[in-house]
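*Asks:* Please read through the structure below; I'll follow up with questions.
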Amino acid sequence: MELRHYLQFKDFNRDEYEYLFDRTRWIKDKFKRYERYQPLVDRTLAMVFEKHSTRTRLSFEAGFNQLGGSVITLMTRDTQMGRGEPLEDVARVISRMVDIVMIRTFEQTIIERFSSNSRVPVINGLTNEYHPCQIMGDIFTYIEHRGSIKGKTVAWIGDSNNVCNTWLQAASILDFNVHVSTPPGYEVEPERAGIHDDSHFESFADPLEAARGADLITTDVWTSMGMEAEDAERKRDFEDWQVDADMMRLAKPDALFMHCLPAHRGEEVAANVIDGPQSVVWDEAENRMHVQKALIEFLMLGRTII
């Protein structure tokens with residue numbers, strides 16, 4: 001089978017995502033009915049972390065165990081990679097001993113260098129530029145609650161970060177629209193986002209206008225990992241970009257709220273929104289595990305018909 005990696009959302013096409021969402025539904029249904037499905041017995045996943053994690057580690061480790069495999073977790077500070085061993089050498093060694101690798105790191109170039117020297121599939125668990133597994137989980141969650149996302153409008157409120165970039169890639173592939181509202185100075189950078197036109201997104205100076213008529217409102221923390229020195233400045237700059245009840249009222253009556261977590265209530269989202277009836281953040285968090293199981297199965301076994 002052809003070796004494939006999953007480093008950005010645009011690595012797959014619409015047909016492949018439709019297959020993956022169908023597989024996710026099947027795999028999740030088996031899990032909920034306590035029916036064992038273990039196609040990866042004796043297979044091993046290596047997880048490499050340069051950034052700390054809760055949901056990424058839990059979702060990959062639990063999911064791979066449920067598929068019958070075992071997991072090895074590596075923190076770079078505990079490996080020779082943290083002591084200066086060339087990344088290319090690390091990739092060559094790890095990929096000879098395991099069957100698939102997940103990396104959560106900083107610059108996208110790190111995971112690209114690793115994957116170009118890997119003999120096994122490599123999955124992006126998060127980089128500064130992209131977070132494709134998160135958006136897979138988000139879109140599957142929307143499909144579960146509201147059906148197809150095609151033609152819908154997603155309002156992104158806040159920083160144009162890795163999650164925002166990935167929403168923009170997803171919109172062009174799956175044919176929906178993204179309204180982006182960021183404070184001045186934090187706008188989308190198309191080249192960094194990996195998009196080539198604005199046919200599926202529109203920028204709004206006013207976050208309330210971005211939310212008007214949206215089917216889904218989503219956001220993220222104002223200060224991402226590695227930007228802690230900017231925290232005070234960002235809190236001032238983003239003060240008017242909190243998702244609150246007034247903003248949700250401007251969206252469609254059945255609009256959903258999502259957040260990739262962890263969340264800071266009272267900053268990027270009001271407590272009565274994230275804990276309110278339109279919030280699906282807990283389903284969203286769980287679904288990371290299920291879409292990743294479908295993704296791993298696809299990368300390791302190809303299309304499966306059961």
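Naming works like this for the structure tokens: A, B, ... for the chains as they're shown, residue 1 at the start of each chain, ligands 1 onward in shown order.
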Give me every helix (DSSP H, G or I) residue in segment 120-282 of chain A, going by DSSP on the backbone, as a ChimeraX atom specification.
*Replies:* /A:132-146,162-174,190-193,207-211,228-237,239-241,245-250,271-274,281-282
*Asks:* Show which residues sit within 7 Å of segment 274-291 of chain A, as a list of chain:residue names. Count only C-alpha atoms, and ignore same-chain residues fewer than 5 positions away.
*Replies:*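 Listing them by chain and then by number gives A:Thr24, A:Ile27, A:Lys28, A:Ser59, A:Phe60, A:Gly63, A:Cys133, A:Gln134, A:Met136, A:Gly137, A:Asp138, A:Thr141, A:Ala255, A:Leu256, A:Phe257, A:Met258, A:His259, A:Val269.
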*Asks:* Would you write out those residues with C-alpha atoms, as a compact mmCIF listing (two decimals), in the first residue's frame?
*Replies:*
```txt
# COMPACT_ATOMS: atom_id res chain seq x y z
CA THR A 24 -15.85 7.09 12.21
CA ILE A 27 -16.23 2.62 14.67
CA LYS A 28 -17.89 4.86 17.25
CA SER A 59 -7.43 10.37 22.40
CA PHE A 60 -4.55 8.73 20.50
CA GLY A 63 -8.02 4.98 20.60
CA CYS A 133 -7.15 16.01 13.63
CA GLN A 134 -8.99 18.65 15.65
CA MET A 136 -11.75 16.32 11.59
CA GLY A 137 -13.29 15.84 15.03
CA ASP A 138 -15.11 19.16 14.87
CA THR A 141 -19.35 16.48 15.56
CA ALA A 255 -26.28 27.19 15.83
CA LEU A 256 -23.70 25.15 17.70
CA PHE A 257 -20.74 26.35 19.77
CA MET A 258 -17.36 24.61 19.66
CA HIS A 259 -14.00 25.10 21.35
CA VAL A 269 -15.86 32.45 25.84
```
*Asks:* May I have a table of the residues of segment 101-192 of chain A lying at most 10 Å from segment 12-20 of chain A, giving each one's closest pair of atoms and their distance in Å to one decimal, counting only C-alpha atoms, ordered by chain and ascending residue number, as a tab-separated table?
*Replies:*
```
residue	atom	partner	partner_atom	distance
A:Met136	CA	A:Tyr17	CA	8.5
A:Phe140	CA	A:Leu20	CA	9.4
A:Ala170	CA	A:Arg14	CA	9.2
A:Ser172	CA	A:Arg14	CA	9.6
A:Ile173	CA	A:Arg14	CA	5.8
A:Leu174	CA	A:Arg14	CA	5.9
A:Asp175	CA	A:Arg14	CA	9.0
```
*Asks:* Calculate how many Å separate atom CA of Asp254 of chain A from atom CA of Gly151 of chain A, rounding to one decimal.
*Replies:*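 If I compute the distance from atom CA of Asp254 of chain A to atom CA of Gly151 of chain A, I get 15.5 Å.
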*Asks:* Excluding Asp220 of chain A and its own-chain neighbours fewer than 4 positions away, which residues fall within 7 Å of it when counting only C-alpha atoms? Please give them as a PyMOL selection string.
*Replies:* chain A and resi 158+259-260+268
*Asks:* Atom CA of Ile111 of chain A to atom CA of Leu58 of chain A: how many Å, to one decimal?
*Replies:*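 Computing it gives 20.4 Å between the two atoms.
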*Asks:* Report as a ChimeraX atom specification all protein, DNA and RNA residues lying within 12 Å of Thr219 of chain A, evaluated on only C-alpha atoms, omitting residues in the same chain fewer than 4 positions from it.
*Replies:* /A:138,154-164,167,179-182,207,211,223,238,241-244,256-265,267-270,273-274,279,281
